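A.B. asks: Just so it is clear, I am handing over start-v2.cif, which has mmCIF, C-alpha atoms.
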data_upload
loop_
_atom_site.label_atom_id
_atom_site.label_comp_id
_atom_site.auth_asym_id
_atom_site.auth_seq_id
_atom_site.Cartn_x
_atom_site.Cartn_y
_atom_site.Cartn_z
CA MET A 1 7.67 34.12 -21.19
CA ILE A 2 9.40 30.94 -20.08
CA ASP A 3 9.07 30.06 -16.39
CA ALA A 4 12.31 31.00 -14.61
CA ARG A 5 12.15 27.67 -12.75
CA VAL A 6 12.27 25.81 -16.07
CA GLU A 7 15.38 27.70 -17.16
CA LYS A 8 17.05 27.06 -13.81
CA LEU A 9 16.24 23.35 -13.96
CA ALA A 10 17.72 23.14 -17.48
CA GLN A 11 20.90 24.79 -16.19
CA VAL A 12 21.18 22.30 -13.33
CA LEU A 13 20.67 19.32 -15.64
CA VAL A 14 23.17 20.45 -18.28
CA GLN A 15 25.82 22.06 -16.09
CA TYR A 16 25.70 19.72 -13.07
CA SER A 17 23.83 16.46 -13.72
CA VAL A 18 25.51 15.49 -17.00
CA ALA A 19 28.15 18.27 -17.18
CA VAL A 20 27.99 18.74 -20.95
CA ARG A 21 31.41 19.43 -22.48
CA PRO A 22 32.34 20.93 -25.86
CA ASN A 23 31.69 18.50 -28.75
CA ASP A 24 29.62 16.09 -26.62
CA LYS A 25 26.91 14.39 -28.65
CA VAL A 26 23.76 14.97 -26.57
CA LEU A 27 20.39 13.28 -27.00
CA ILE A 28 17.48 15.29 -25.57
CA GLN A 29 14.29 13.23 -25.62
CA GLY A 30 10.85 13.73 -24.16
CA SER A 31 7.18 14.43 -24.69
CA VAL A 32 6.11 17.49 -26.66
CA LEU A 33 4.08 18.37 -23.55
CA ALA A 34 7.46 19.17 -21.96
CA GLU A 35 8.20 21.66 -24.74
CA PRO A 36 9.35 24.53 -22.46
CA LEU A 37 11.96 22.35 -20.76
CA LEU A 38 13.07 20.65 -23.99
CA LYS A 39 13.72 24.06 -25.58
CA ALA A 40 15.56 25.32 -22.50
CA LEU A 41 17.73 22.18 -22.51
CA LEU A 42 18.54 22.67 -26.19
CA VAL A 43 19.72 26.21 -25.51
CA GLU A 44 21.83 25.18 -22.50
CA VAL A 45 23.52 22.35 -24.43
CA LEU A 46 24.39 24.76 -27.23
CA ARG A 47 25.81 27.25 -24.71
CA ALA A 48 27.95 24.45 -23.25
CA GLY A 49 29.40 23.64 -26.68
CA GLY A 50 27.58 20.32 -27.13
CA HIS A 51 25.86 18.98 -30.23
CA PRO A 52 22.19 18.46 -29.30
CA TYR A 53 19.83 16.08 -31.04
CA LEU A 54 16.24 16.73 -29.98
CA ARG A 55 13.85 13.79 -30.24
CA ALA A 56 10.33 14.93 -29.28
CA GLN A 57 7.63 12.31 -28.78
CA LEU A 58 3.91 12.70 -29.51
CA PRO A 59 1.34 11.77 -26.84
CA ASP A 60 -0.13 8.24 -26.88
CA VAL A 61 2.09 6.96 -29.71
CA GLU A 62 3.03 3.96 -27.56
CA GLU A 63 -0.63 2.94 -27.37
CA LEU A 64 -0.95 3.12 -31.16
CA VAL A 65 2.11 0.92 -31.58
CA TYR A 66 0.91 -1.75 -29.15
CA ARG A 67 -2.55 -1.83 -30.70
CA ASN A 68 -1.41 -2.04 -34.33
CA ALA A 69 2.06 -3.61 -34.49
CA SER A 70 2.64 -7.27 -35.27
CA ASP A 71 4.82 -9.36 -32.94
CA GLU A 72 7.68 -8.99 -35.43
CA GLN A 73 7.27 -5.21 -35.43
CA LEU A 74 7.27 -5.10 -31.62
CA ARG A 75 10.55 -7.02 -31.61
CA HIS A 76 12.16 -4.57 -34.04
CA VAL A 77 14.62 -2.05 -32.62
CA PRO A 78 15.20 0.81 -35.11
CA PRO A 79 18.89 1.06 -36.09
CA PRO A 80 18.99 4.83 -35.35
CA THR A 81 17.87 4.11 -31.77
CA ARG A 82 20.60 1.49 -31.39
CA LEU A 83 23.16 3.95 -32.75
CA LEU A 84 22.17 6.57 -30.17
CA TYR A 85 22.57 4.12 -27.28
CA GLU A 86 25.91 2.84 -28.58
CA THR A 87 27.61 6.11 -29.52
CA TYR A 88 26.14 9.19 -27.84
CA ASP A 89 27.98 10.78 -24.91
CA VAL A 90 24.97 12.18 -23.04
CA MET A 91 21.27 11.40 -22.75
CA ILE A 92 18.71 13.70 -21.11
CA SER A 93 15.20 12.24 -20.83
CA VAL A 94 12.10 14.20 -19.85
CA SER A 95 8.83 12.46 -18.96
CA GLY A 96 5.68 14.41 -19.76
CA ALA A 97 2.61 12.21 -19.91
CA ALA A 98 -0.74 13.26 -21.37
CA ASN A 99 -2.35 10.11 -19.99
CA THR A 100 -0.56 7.91 -17.45
CA LYS A 101 -3.13 5.13 -17.97
CA ASN A 102 -2.91 4.83 -21.75
CA LEU A 103 -1.36 1.33 -21.64
CA THR A 104 -3.69 -0.08 -18.98
CA ASN A 105 -5.66 -2.29 -21.37
CA VAL A 106 -2.74 -3.42 -23.52
CA PRO A 107 -2.35 -7.20 -23.03
CA PRO A 108 0.59 -7.87 -20.68
CA SER A 109 2.02 -10.35 -23.20
CA ARG A 110 2.49 -7.48 -25.69
CA LEU A 111 4.34 -5.39 -23.10
CA VAL A 112 6.52 -8.39 -22.19
CA LEU A 113 7.43 -8.97 -25.84
CA ALA A 114 8.53 -5.36 -26.27
CA ARG A 115 10.57 -5.51 -23.05
CA GLN A 116 12.35 -8.65 -24.18
CA SER A 117 13.26 -7.07 -27.51
CA THR A 118 15.11 -4.18 -25.83
CA ARG A 119 17.00 -6.22 -23.23
CA ASP A 120 20.35 -6.00 -25.02
CA LEU A 121 19.83 -2.26 -25.58
CA PHE A 122 19.27 -1.77 -21.84
CA GLN A 123 22.43 -3.77 -21.12
CA THR A 124 24.38 -1.53 -23.50
CA PHE A 125 23.00 1.49 -21.66
CA THR A 126 23.89 0.24 -18.15
CA HIS A 127 27.35 -1.04 -19.07
CA ARG A 128 28.34 2.14 -20.94
CA SER A 129 27.11 4.14 -17.96
CA ALA A 130 29.13 2.01 -15.53
CA ARG A 131 32.27 2.50 -17.64
CA GLY A 132 31.76 6.28 -17.70
CA GLU A 133 31.20 6.33 -21.46
CA LEU A 134 27.61 7.57 -21.15
CA ARG A 135 26.34 10.31 -18.86
CA TRP A 136 22.58 10.46 -18.42
CA VAL A 137 19.81 12.00 -16.39
CA GLY A 138 16.06 11.62 -16.28
CA THR A 139 13.51 14.11 -15.01
CA LEU A 140 9.79 14.88 -15.18
CA PHE A 141 7.89 17.89 -16.46
CA PRO A 142 4.63 18.62 -14.57
CA THR A 143 1.52 17.90 -16.63
CA PRO A 144 -2.18 17.71 -15.68
CA ALA A 145 -2.01 13.88 -15.87
CA TYR A 146 0.71 13.69 -13.21
CA ALA A 147 -1.11 16.27 -11.08
CA GLN A 148 -4.28 14.17 -11.19
CA ASP A 149 -2.36 11.04 -10.14
CA ALA A 150 -0.92 13.01 -7.23
CA GLU A 151 -4.38 14.36 -6.34
CA MET A 152 -3.13 17.94 -6.68
CA GLY A 153 -4.03 20.95 -8.74
CA LEU A 154 -1.57 21.69 -11.55
CA VAL A 155 -0.12 24.79 -9.88
CA GLU A 156 0.32 22.89 -6.62
CA TYR A 157 1.97 20.01 -8.46
CA GLU A 158 4.32 22.38 -10.30
CA GLU A 159 5.41 23.75 -6.94
CA PHE A 160 5.96 20.21 -5.68
CA VAL A 161 8.06 19.19 -8.71
CA PHE A 162 10.24 22.29 -8.83
CA GLY A 163 10.55 22.30 -5.04
CA ALA A 164 11.96 18.76 -5.14
CA CYS A 165 14.34 19.53 -8.02
CA LEU A 166 15.39 23.00 -6.87
CA PRO A 167 15.27 22.82 -3.03
CA ASP A 168 17.47 25.93 -2.82
CA PRO A 169 16.31 28.15 -5.71
CA ALA A 170 19.12 30.61 -5.09
CA ASN A 171 21.83 27.94 -5.35
CA PRO A 172 20.41 24.62 -6.57
CA ILE A 173 23.75 23.19 -7.69
CA GLY A 174 25.21 24.04 -4.29
CA TYR A 175 22.37 22.12 -2.64
CA TRP A 176 23.03 18.96 -4.65
CA LYS A 177 26.75 19.20 -3.97
CA SER A 178 26.02 19.48 -0.24
CA LEU A 179 23.73 16.44 -0.38
CA SER A 180 26.45 14.56 -2.25
CA SER A 181 28.90 15.27 0.57
CA ARG A 182 26.48 14.10 3.28
CA GLN A 183 25.59 10.92 1.45
CA GLY A 184 29.23 10.34 0.59
CA ARG A 185 29.99 9.79 4.29
CA LEU A 186 27.34 7.07 4.42
CA VAL A 187 28.63 5.38 1.27
CA ASP A 188 32.17 5.45 2.65
CA TRP A 189 31.00 3.86 5.91
CA LEU A 190 29.25 1.09 4.01
CA LYS A 191 32.39 0.02 2.13
CA GLY A 192 33.42 -3.50 2.99
CA LYS A 193 30.22 -4.34 4.87
CA LYS A 194 28.78 -7.80 4.39
CA SER A 195 25.15 -8.08 5.49
CA LEU A 196 21.97 -6.01 5.62
CA ARG A 197 18.70 -6.63 7.43
CA VAL A 198 15.41 -4.70 7.23
CA GLU A 199 12.69 -5.13 9.83
CA GLY A 200 9.45 -3.30 10.47
CA PRO A 201 5.72 -3.40 9.84
CA GLY A 202 5.22 -5.55 6.76
CA VAL A 203 8.90 -6.25 6.12
CA ASP A 204 11.44 -8.83 7.26
CA LEU A 205 14.32 -9.09 4.77
CA ARG A 206 17.92 -10.26 4.92
CA MET A 207 20.53 -10.02 2.19
CA SER A 208 24.26 -10.10 1.54
CA ILE A 209 26.07 -6.99 0.32
CA ALA A 210 29.52 -8.59 0.48
CA GLY A 211 31.69 -7.36 -2.37
CA ARG A 212 29.07 -4.83 -3.44
CA THR A 213 29.30 -1.04 -3.34
CA PHE A 214 26.71 1.64 -2.59
CA GLU A 215 26.20 4.49 -5.04
CA ASN A 216 25.66 8.10 -4.02
CA CYS A 217 22.61 9.43 -5.89
CA ASP A 218 23.07 13.17 -5.76
CA GLY A 219 21.33 14.57 -8.83
CA LYS A 220 23.70 13.16 -11.41
CA LYS A 221 21.31 10.58 -12.93
CA ASN A 222 17.86 11.40 -11.57
CA MET A 223 16.30 14.78 -10.95
CA PRO A 224 15.01 15.00 -8.32
CA ASP A 225 17.38 12.67 -6.54
CA GLY A 226 18.19 11.62 -3.01
CA GLU A 227 19.04 7.99 -2.33
CA ILE A 228 21.88 5.56 -1.78
CA PHE A 229 21.65 2.16 -3.44
CA THR A 230 23.45 -1.09 -4.09
CA GLY A 231 22.89 -4.40 -5.86
CA PRO A 232 22.60 -7.20 -3.29
CA VAL A 233 24.24 -10.57 -3.93
CA GLU A 234 21.82 -12.21 -6.32
CA ASP A 235 21.03 -15.43 -4.45
CA SER A 236 21.09 -13.93 -0.95
CA VAL A 237 17.76 -12.16 -0.46
CA GLU A 238 15.51 -13.97 2.02
CA GLY A 239 12.21 -13.01 3.62
CA HIS A 240 9.04 -11.09 2.93
CA VAL A 241 7.99 -7.52 2.15
CA ARG A 242 4.65 -5.81 1.66
CA PHE A 243 5.19 -2.55 -0.21
CA SER A 244 3.43 0.42 1.37
CA TYR A 245 2.81 2.49 -1.73
CA PRO A 246 1.18 1.68 -5.07
CA THR A 247 3.69 0.91 -7.81
CA VAL A 248 3.35 1.90 -11.46
CA TYR A 249 5.01 0.03 -14.32
CA ASP A 250 4.28 0.22 -18.05
CA GLY A 251 1.25 2.35 -17.23
CA ARG A 252 -0.19 -0.23 -14.81
CA ARG A 253 -0.91 0.77 -11.22
CA LEU A 254 -0.56 -2.09 -8.74
CA GLU A 255 -1.57 -1.89 -5.08
CA GLY A 256 -0.71 -3.99 -2.05
CA VAL A 257 2.18 -5.85 -3.70
CA GLU A 258 3.77 -8.55 -1.52
CA LEU A 259 6.84 -10.61 -2.35
CA TRP A 260 8.42 -13.64 -0.69
CA PHE A 261 12.08 -14.50 -1.40
CA GLU A 262 14.09 -17.68 -1.08
CA ARG A 263 17.74 -17.82 -2.17
CA GLY A 264 17.31 -14.47 -3.83
CA LYS A 265 14.33 -15.43 -5.99
CA VAL A 266 10.68 -14.39 -5.76
CA VAL A 267 8.91 -17.68 -4.97
CA LYS A 268 5.54 -16.20 -4.06
CA ALA A 269 3.83 -12.93 -4.97
CA ALA A 270 0.48 -11.28 -4.39
CA ALA A 271 -1.21 -7.96 -5.06
CA GLN A 272 -4.55 -6.46 -4.07
CA LYS A 273 -4.76 -4.92 -7.54
CA GLY A 274 -2.90 -6.02 -10.68
CA GLU A 275 -1.74 -9.47 -9.58
CA ASP A 276 -2.05 -10.97 -13.07
CA PHE A 277 0.22 -8.27 -14.51
CA LEU A 278 2.66 -8.81 -11.63
CA TRP A 279 3.05 -12.50 -12.41
CA LYS A 280 3.40 -11.97 -16.16
CA THR A 281 6.16 -9.40 -15.58
CA LEU A 282 7.96 -11.71 -13.14
CA ASP A 283 8.15 -14.24 -15.98
CA VAL A 284 9.68 -11.84 -18.54
CA ASP A 285 13.07 -13.56 -18.19
CA ASP A 286 15.26 -15.39 -15.69
CA GLY A 287 16.50 -12.19 -14.01
CA ALA A 288 13.07 -10.64 -13.41
CA ARG A 289 12.49 -12.52 -10.14
CA TYR A 290 15.78 -11.40 -8.58
CA VAL A 291 16.61 -8.09 -6.91
CA GLY A 292 18.83 -5.76 -8.93
CA GLU A 293 18.72 -2.84 -6.49
CA PHE A 294 18.20 -2.07 -2.82
CA ALA A 295 18.02 1.63 -1.92
CA ILE A 296 17.19 4.07 0.87
CA GLY A 297 15.36 7.31 0.04
CA THR A 298 16.78 10.55 1.47
CA ASN A 299 14.95 13.49 -0.15
CA GLU A 300 13.48 15.51 2.72
CA GLY A 301 11.34 17.52 0.31
CA ILE A 302 9.38 14.44 -0.76
CA GLN A 303 7.24 13.15 2.08
CA ARG A 304 4.27 11.56 0.33
CA ALA A 305 3.62 9.28 -2.62
CA THR A 306 2.36 10.85 -5.84
CA GLY A 307 2.25 7.87 -8.20
CA ALA A 308 5.42 8.88 -10.07
CA THR A 309 8.25 6.45 -9.26
CA LEU A 310 10.93 9.07 -9.94
CA PHE A 311 9.65 10.94 -6.87
CA ASP A 312 8.18 8.15 -4.72
CA GLU A 313 11.43 6.18 -4.57
CA LYS A 314 13.20 9.20 -3.04
CA ILE A 315 10.76 9.65 -0.12
CA ARG A 316 12.66 10.26 3.09
CA GLY A 317 12.00 7.40 5.50
CA SER A 318 11.51 4.77 2.80
CA PHE A 319 13.42 2.04 1.08
CA HIS A 320 12.83 0.58 -2.35
CA MET A 321 13.82 -2.54 -4.20
CA ALA A 322 14.01 -3.03 -7.94
CA LEU A 323 13.25 -6.38 -9.47
CA GLY A 324 15.32 -7.15 -12.54
CA ALA A 325 18.41 -5.49 -13.92
CA GLY A 326 21.04 -4.24 -11.50
CA MET A 327 23.55 -1.47 -12.09
CA PRO A 328 26.98 -2.94 -12.91
CA GLU A 329 28.79 -0.19 -10.98
CA THR A 330 27.44 -1.67 -7.72
CA GLY A 331 28.83 -5.10 -8.59
CA SER A 332 25.38 -6.44 -9.48
CA ARG A 333 25.41 -9.26 -12.00
CA ASN A 334 21.66 -9.52 -12.44
CA GLU A 335 20.49 -8.94 -15.98
CA SER A 336 16.91 -8.55 -17.14
CA ALA A 337 14.71 -6.62 -19.53
CA ILE A 338 12.94 -5.03 -16.55
CA HIS A 339 13.93 -2.71 -13.71
CA TRP A 340 10.85 -2.31 -11.52
CA ASP A 341 11.10 -0.15 -8.39
CA MET A 342 8.72 -0.76 -5.47
CA VAL A 343 8.66 1.46 -2.38
CA CYS A 344 8.13 0.62 1.31
CA ASP A 345 7.65 3.08 4.19
CA LEU A 346 9.93 2.76 7.24
CA MET A 347 8.72 5.70 9.34
CA ASP A 348 6.41 3.58 11.50
CA GLY A 349 9.04 1.51 13.30
CA GLY A 350 11.17 0.38 10.36
CA ARG A 351 14.87 -0.25 10.95
CA ILE A 352 17.91 -1.31 8.94
CA TRP A 353 20.91 -3.12 10.39
CA VAL A 354 24.25 -3.42 8.61
CA ASP A 355 26.60 -6.11 9.93
CA ASP A 356 24.30 -6.27 13.00
CA ARG A 357 24.78 -2.56 13.76
CA LEU A 358 21.74 -0.28 13.71
CA PHE A 359 22.24 1.85 10.60
CA TYR A 360 18.84 3.44 10.03
CA ASP A 361 15.94 4.02 12.38
CA ARG A 362 12.62 5.49 11.23
CA GLY A 363 14.04 7.91 8.70
CA LYS A 364 17.31 8.74 10.44
CA PHE A 365 20.80 7.45 9.68
CA GLN A 366 22.30 6.48 13.01
CA VAL A 367 25.86 6.34 11.68
CA GLU A 368 25.64 9.83 10.20
CA GLU A 369 24.38 11.19 13.50
CA VAL A 370 27.33 9.61 15.33
CA HIS A 371 29.75 11.23 12.88
CA GLU A 372 28.12 14.63 13.26
CA GLU A 373 28.11 14.32 17.05
CA ARG A 374 31.83 13.49 17.11
CA HIS A 375 32.54 16.39 14.75
CA ALA A 376 30.62 18.75 17.04
CA ARG A 377 32.59 17.55 20.07
CA ARG A 378 35.90 18.10 18.25
CA GLU A 379 34.82 21.60 17.24
CA SER A 380 33.90 22.52 20.83
CA ALA A 381 37.08 21.04 22.35
#
With the file now loaded, output its structure as structure tokens.

C.D. replies:
Amino acid sequence: MIDARVEKLAQVLVQYSVAVRPNDKVLIQGSVLAEPLLKALLVEVLRAGGHPYLRAQLPDVEELVYRNASDEQLRHVPPPTRLLYETYDVMISVSGAANTKNLTNVPPSRLVLARQSTRDLFQTFTHRSARGELRWVGTLFPTPAYAQDAEMGLVEYEEFVFGACLPDPANPIGYWKSLSSRQGRLVDWLKGKKSLRVEGPGVDLRMSIAGRTFENCDGKKNMPDGEIFTGPVEDSVEGHVRFSYPTVYDGRRLEGVELWFERGKVVKAAAQKGEDFLWKTLDVDDGARYVGEFAIGTNEGIQRATGATLFDEKIRGSFHMALGAGMPETGSRNESAIHWDMVCDLMDGGRIWVDDRLFYDRGKFQVEEVHEERHARRESA
């Protein structure tokens, strides 16, 4: 019998995250190891009146491609893939790794070549999303590989994953709507603000957010979700940050990553592990050294790093920055073949100021607390 949590997650993704409508063309893609969720999604899309196309991926195929393809073959983007990105209404992606380290020994130059070949496809994806032409969501299905990375047993990891995606099992959609409302107040307060500063152990950053907007991440594009983010003015980021948690990109795990910025650009970088890969990725294209996203994690159910970026970037009491492509809906103009999220803890004395007003202090939004306090006083008057 299918796990009831899997069915409920499929309902949330189809009914709430991407809100499938009759006649929507819906791509469902993911590893065959996520078979229970892929099947449940197929059924939910059919019930919603959509036209599903299921694209299941075999384990370790990427490794076979990188080991055997010529440079010309790595540059090739199959026309059917391009058609999906240009014409489909909805995309639902499910990660389900058999081996999270399968690309570790692939030469970085091969990974860079493949990234460069899909740059225009990624731009099509982000711009269609910003215009509302494409609705999408990504999630993760618990597998032994992810559980091992998180240093958990599989049953424990399943509880962690479903707990983060379905915080209120009785009314999961209601939970995400409530989170959306709370974060919406913060996003509204941030409208029109001009500057942002982050200070704390290992971080001293300044950036302009003038003319940029914050997005409310409430389960519509990621599941689990829980963050607010923007795209800082491209040439404005100044300072230094040492990221607290390991970061994983293209199957590579890097530890102790440090970045120094001048006029928005990474001018110096270091890592305790994976520094060579870091530098090669920074040189993918002109946009790779600039920040496409600055975000604050808000998911109270995620309080520790597990090695999966989808979860780690939502940790309450953290912020993350993405090198590379920004999301056009924020006003970001940075374009790149990469979008690499790195996460920094703020619980040990980290603070964020917006226009020189304390906005965030060790995991708590100061502005939100002021609003709630005023609301309470009005209710008691």

A.B. asks: Have a look at atom CA of Leu323 of chain A and atom CA of Pro108 of chain A and let me know their distance in Å, one decimal.

C.D. replies: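 Spanning atom CA of Leu323 of chain A to atom CA of Pro108 of chain A is a straight-line distance of 17.0 Å.
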
A.B. asks: Find the residues near segment 252-262 of chain A: any atom within 7 Å, counting all atoms listed in the file, skip ones fewer than 6 places away on the same chain, and give them as a list in words.

C.D. replies: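 Within the cut-off, the hits are Lys101, Thr104, Val237, Glu238, Gly239, His240, Val241, Arg242, Phe243, Ser244, Pro246, Lys268, Ala269, Ala270, Ala271, Gln272, Lys273 and Gly274 of chain A.
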
A.B. asks: Given the file above and the PyMOL selection byres ((chain A and resi 307) around 12), which residues are selected, and can you give them as a ChimeraX atom specification?

C.D. replies: /A:100-101,145-152,245-249,251-255,304-306,308-313,315,341-343

A.B. asks: Find the spatial neighbours of Tyr66 of chain A, counting all atoms listed in the file, within a cut-off of 10 Å - ignore same-chain residues fewer than 6 positions away - and output them as a short mmCIF file (atom, residue, chain, number, x, y, z; two decimals) with C-alpha atoms, in the frame of the given file.

C.D. replies:
data_model
loop_
_atom_site.label_atom_id
_atom_site.label_comp_id
_atom_site.auth_asym_id
_atom_site.auth_seq_id
_atom_site.Cartn_x
_atom_site.Cartn_y
_atom_site.Cartn_z
CA GLN A 73 7.27 -5.21 -35.43
CA LEU A 74 7.27 -5.10 -31.62
CA LEU A 103 -1.36 1.33 -21.64
CA VAL A 106 -2.74 -3.42 -23.52
CA PRO A 107 -2.35 -7.20 -23.03
CA ARG A 110 2.49 -7.48 -25.69
CA LEU A 111 4.34 -5.39 -23.10
CA ALA A 114 8.53 -5.36 -26.27
#

A.B. asks: Just checking: using all atoms listed in the file, which residue out of A:Val6, A:Val203, A:Leu166, A:Met327 ends up closest to Asp345 of chain A?

C.D. replies: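 Looking at the shortest contact to Asp345 of chain A, the residue is A:Val203.
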
A.B. asks: Out of A:Val187, A:Ala288, A:Val198, A:Ala170, which residue has the shortest atom-to-atom distance to His320 of chain A when counting only C-alpha atoms?

C.D. replies: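 Among the listed residues, A:Val198 lies closest to His320 of chain A.
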
A.B. asks: Go through A:Ser181, A:Ser236, A:Asn216, A:Thr330 and flag the residue nearest Leu196 of chain A, using all atoms listed in the file for the distances.

C.D. replies: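 Nearest to Leu196 of chain A: A:Ser236.
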